[in-house]
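target15.txt (compact mmCIF, C-alpha atoms)
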```
# COMPACT_ATOMS: atom_id res chain seq x y z
CA MET A 961 0.00 0.00 0.00
CA ASP A 962 1.04 3.56 -0.50
CA GLY A 963 0.11 4.49 3.06
CA GLY A 964 -2.49 7.06 1.90
CA ALA A 965 -6.17 7.18 2.64
CA ARG A 966 -8.04 4.16 1.44
CA CYS A 967 -11.38 4.27 -0.29
CA GLU A 968 -13.58 2.64 2.30
CA CYS A 969 -16.96 3.20 3.88
CA PRO A 970 -16.56 3.90 7.58
CA PRO A 971 -20.01 3.56 9.16
CA TYR A 972 -19.17 5.95 11.97
CA TYR A 973 -19.10 8.99 9.63
CA MET A 974 -22.89 9.05 9.70
CA ARG A 975 -22.74 9.37 13.49
CA THR A 976 -20.50 12.44 13.44
CA ILE A 977 -21.86 15.99 13.53
CA ASN A 978 -20.87 16.52 9.89
CA GLY A 979 -22.54 13.29 8.76
CA ILE A 980 -25.77 13.98 10.63
CA LEU A 981 -25.82 17.56 9.36
CA LYS A 982 -25.42 16.43 5.74
CA ILE A 983 -28.26 13.91 6.14
CA VAL A 984 -30.50 16.63 7.59
CA GLU A 985 -29.55 18.95 4.72
CA MET A 986 -30.38 16.28 2.15
CA ILE A 987 -33.80 15.70 3.72
CA LEU A 988 -34.59 19.42 3.95
CA THR A 989 -33.55 20.24 0.39
CA LEU A 990 -35.47 17.26 -0.94
CA LEU A 991 -38.54 18.52 0.93
CA VAL A 992 -38.04 21.99 -0.57
CA PHE A 993 -37.93 20.49 -4.04
CA ALA A 994 -40.86 18.12 -3.51
CA ILE A 995 -43.15 20.77 -2.08
CA SER A 996 -42.31 23.39 -4.70
CA PHE A 997 -42.41 21.00 -7.66
CA GLY A 998 -45.32 21.30 -10.07
CA GLY A 999 -47.18 24.03 -8.25
CA LEU A 1000 -49.12 26.83 -9.89
CA TRP A 1001 -46.49 29.29 -8.75
CA SER A 1002 -43.73 27.97 -11.03
CA GLY A 1003 -43.83 31.13 -13.12
CA TYR A 1004 -43.84 33.35 -10.04
CA GLY A 1005 -40.55 32.33 -8.45
CA GLY A 1006 -41.41 28.69 -7.87
CA GLY A 1007 -39.09 27.61 -10.67
CA TRP A 1008 -36.14 29.17 -8.84
CA VAL A 1009 -37.14 27.38 -5.64
CA GLU A 1010 -37.38 24.07 -7.52
CA PHE A 1011 -33.99 24.60 -9.14
CA THR A 1012 -32.39 25.54 -5.83
CA GLY A 1013 -33.92 22.57 -4.02
CA ILE A 1014 -32.78 19.93 -6.49
CA SER A 1015 -29.35 21.44 -7.21
CA CYS A 1016 -28.57 21.73 -3.49
CA PHE A 1017 -29.83 18.19 -2.90
CA ILE A 1018 -27.56 16.80 -5.63
CA THR A 1019 -24.54 18.80 -4.45
CA ILE A 1020 -24.98 17.83 -0.80
CA THR A 1021 -25.47 14.18 -1.77
CA ILE A 1022 -22.22 14.22 -3.76
CA TRP A 1023 -20.29 15.75 -0.85
CA PHE A 1024 -21.89 13.24 1.53
CA ILE A 1025 -20.84 10.29 -0.64
CA LEU A 1026 -17.31 11.67 -1.04
CA HIS A 1027 -16.99 11.96 2.73
CA LEU A 1028 -18.72 8.64 3.38
CA ILE A 1029 -16.33 6.60 1.25
CA ASN A 1030 -13.36 8.66 2.43
CA LEU A 1031 -12.54 9.80 -1.10
CA ILE A 1032 -11.77 13.45 -0.41
CA PRO A 1033 -8.21 12.87 0.89
CA ARG A 1034 -7.56 10.45 -1.96
CA ILE A 1035 -8.45 12.90 -4.74
CA PHE A 1036 -6.83 15.82 -2.89
CA LEU A 1037 -9.84 18.10 -2.76
CA ASN A 1038 -9.08 21.30 -0.94
CA PHE A 1039 -11.56 22.32 1.74
CA LEU A 1040 -12.10 25.52 -0.24
CA PHE A 1041 -14.17 23.73 -2.90
CA GLU A 1042 -16.59 22.39 -0.32
CA PHE A 1043 -16.63 25.64 1.65
CA ILE A 1044 -17.44 27.77 -1.42
CA SER A 1045 -20.14 25.35 -2.57
CA TYR A 1046 -21.77 25.48 0.88
CA CYS A 1047 -21.60 29.29 0.93
CA VAL A 1048 -23.22 29.45 -2.51
CA MET A 1049 -25.90 26.93 -1.49
CA THR A 1050 -26.63 28.91 1.68
CA ILE A 1051 -27.16 32.10 -0.33
CA MET A 1052 -29.31 30.31 -2.93
CA LEU A 1053 -31.48 28.69 -0.26
CA PHE A 1054 -31.87 32.00 1.58
CA ILE A 1055 -33.05 33.71 -1.62
CA SER A 1056 -35.43 30.81 -2.30
CA ALA A 1057 -36.84 31.02 1.21
CA ILE A 1058 -37.48 34.75 0.80
CA VAL A 1059 -39.12 34.22 -2.60
CA ALA A 1060 -41.36 31.48 -1.19
CA ALA A 1061 -42.28 33.58 1.85
CA ALA A 1062 -43.14 36.55 -0.36
CA ARG A 1063 -45.25 34.39 -2.68
CA ALA A 1064 -47.08 32.70 0.19
CA GLY A 1065 -48.69 36.01 1.09
CA SER A 1066 -49.77 36.87 -2.44
CA PHE A 1067 -51.38 33.59 -3.51
CA PRO A 1068 -54.96 32.49 -2.86
CA SER A 1069 -55.75 30.64 0.33
CA PRO A 1070 -55.49 26.97 -0.81
CA TYR A 1071 -51.89 27.35 -1.96
CA ARG A 1072 -50.53 29.37 0.96
CA ALA A 1073 -49.93 26.31 3.10
CA ASN A 1074 -47.76 24.59 0.48
CA ILE A 1075 -45.74 27.68 -0.31
CA GLY A 1076 -45.43 28.53 3.39
CA ALA A 1077 -44.16 25.02 4.16
CA CYS A 1078 -41.69 25.33 1.28
CA SER A 1079 -40.48 28.62 2.75
CA PHE A 1080 -40.10 27.08 6.21
CA PHE A 1081 -38.05 24.14 4.92
CA ALA A 1082 -35.94 26.47 2.76
CA PHE A 1083 -35.13 28.61 5.82
CA ALA A 1084 -34.30 25.46 7.81
CA ALA A 1085 -32.03 24.22 5.00
CA THR A 1086 -30.39 27.66 4.89
CA ILE A 1087 -29.57 27.42 8.59
CA ALA A 1088 -28.27 23.85 8.25
CA CYS A 1089 -26.03 24.73 5.28
CA GLY A 1090 -24.79 27.84 7.07
CA ILE A 1091 -23.88 25.81 10.13
CA ASP A 1092 -22.08 23.30 7.92
CA ALA A 1093 -20.10 26.09 6.24
CA VAL A 1094 -19.10 27.53 9.62
CA LEU A 1095 -18.06 24.08 10.87
CA LEU A 1096 -15.97 23.55 7.73
CA PHE A 1097 -14.23 26.87 8.31
CA LEU A 1098 -13.59 26.13 11.99
CA GLU A 1099 -12.24 22.66 11.21
CA HIS A 1100 -9.92 24.15 8.62
CA ARG A 1101 -8.60 26.71 11.11
CA GLN A 1102 -7.99 23.99 13.69
CA GLY A 1103 -6.25 21.81 11.13
CA THR A 1104 -8.73 18.93 11.31
CA THR A 1105 -10.97 17.55 8.60
CA GLY A 1106 -14.56 16.45 8.69
CA THR A 1107 -13.77 13.20 6.96
CA ALA A 1108 -13.69 10.27 9.28
CA THR A 1109 -10.39 8.50 8.95
CA THR A 1110 -9.06 5.42 10.61
CA THR A 1111 -5.54 4.49 11.52
CA THR A 1112 -4.57 0.87 11.29
CA THR A 1113 -1.50 -0.30 13.13
CA THR A 1114 0.07 -3.57 12.09
CA THR A 1115 2.60 -5.26 14.33
CA THR A 1116 4.86 -7.92 12.90
CA THR A 1117 6.99 -10.06 15.16
CA THR A 1118 9.74 -12.32 13.95
CA THR A 1119 11.58 -14.88 15.94
CA ASN A 1120 15.02 -16.08 15.11
CA THR A 1121 15.30 -19.81 15.71
CA ALA A 1122 18.49 -21.68 15.17
CA ALA A 1123 18.20 -24.92 13.34
CA ALA A 1124 18.87 -27.61 15.88
CA LYS A 1125 19.92 -31.07 14.94
CA VAL A 1126 17.44 -33.51 16.26
CA GLU A 1127 18.63 -37.08 16.72
CA TYR A 1128 16.28 -40.00 16.96
```

Could I get this structure in the form of structure tokens?
Amino acid sequence: MDGGARCECPPYYMRTINGILKIVEMILTLLVFAISFGGLWSGYGGGWVEFTGISCFITITIWFILHLINLIPRIFLNFLFEFISYCVMTIMLFISAIVAAARAGSFPSPYRANIGACSFFAFAATIACGIDAVLLFLEHRQGTTGTATTTTTTTTTTTNTAAAKVEY
């Protein structure tokens, strides 16, 4: 082996703060997309909310998989790529949440609940992505990474035995 990070699936990554946060983000952005999809407000800002929901879901899922199989150290991704993508997603989700909140007040009564729920989940996803971006920055400043890595120590013992002549 080259001694570098191996491509493996450590199950404990999903139990870390970063893993749980990415799972929550995936659920929230999928909810944003599902609630906003196919509504009558697609021409009134709903299309932007749909685009933001699905693009953030796909991006977060890719980052989650890269962390889950411990591939980030292997392909030498700088933390800056992930940090910038999370900052952009946070801004996009914040704009989507504002658009949905503004549209919830201007639509007729039967659609307000859907658009209001979409706005709520978009604000929640904004907070989750913002927290993830801050955690990425803090981990970078401390010199740690969010990727769960394992260290395997192998001990080899050798014994030197002299060939003894055995007489029968």

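Among the candidates A:Leu981, A:Leu991, A:Leu1000, A:Leu1037, the residue lying nearest to Arg1063 (chain A) is A:Leu1000 (atoms considered: all atoms listed in the file).
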
If we count all atoms listed in the file, what is near Ile1087 (chain A) at a cut-off of 8 Å, once residues fewer than 4 positions away on the same chain are taken out, given as a PDB file with C-alpha atoms, in the coordinates of the input?
```pdb
ATOM      1  CA  THR A1050     -26.630  28.910   1.680  1.00  0.00           C
ATOM      2  CA  PHE A1083     -35.130  28.610   5.820  1.00  0.00           C
ATOM      3  CA  ILE A1091     -23.880  25.810  10.130  1.00  0.00           C
TER       4      ILE A1091
END
```

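For the atom pair formed by CA of Phe1054 (chain A) and CA of Met974 (chain A), the distance is 25.9 Å, given to one decimal.
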
Would you list the contacts of Thr1086 (chain A) as a PDB file with C-alpha atoms, in the frame of the given file, taking every protein, DNA or RNA residue within 8 Å and counting only C-alpha atoms, but skipping same-chain residues closer than 4 positions in sequence?
```pdb
ATOM      1  CA  MET A1049     -25.900  26.930  -1.490  1.00  0.00           C
ATOM      2  CA  THR A1050     -26.630  28.910   1.680  1.00  0.00           C
ATOM      3  CA  ILE A1051     -27.160  32.100  -0.330  1.00  0.00           C
ATOM      4  CA  LEU A1053     -31.480  28.690  -0.260  1.00  0.00           C
ATOM      5  CA  PHE A1054     -31.870  32.000   1.580  1.00  0.00           C
ATOM      6  CA  ALA A1082     -35.940  26.470   2.760  1.00  0.00           C
ATOM      7  CA  GLY A1090     -24.790  27.840   7.070  1.00  0.00           C
TER       8      GLY A1090
END
```

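Of note, CA of Cys1078 (chain A) and CA of Cys1016 (chain A) are spaced 14.4 Å apart.
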
_Pairwise distance for CA of Asp1092 (chain A) and CA of Tyr1046 (chain A), rounded to one decimal in Å_ =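 Interatomic distance, CA of Asp1092 (chain A) to CA of Tyr1046 (chain A): 7.4 Å.
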
*Which residue gives the smallest distance to Leu990 (chain A) among A:Phe1041, A:Tyr973, A:Phe1081, A:Tyr1004, with only C-alpha atoms counted?*
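Checking each of A:Phe1041, A:Tyr973, A:Phe1081, A:Tyr1004 against Leu990 (chain A), counting only C-alpha atoms, the winner is A:Phe1081.
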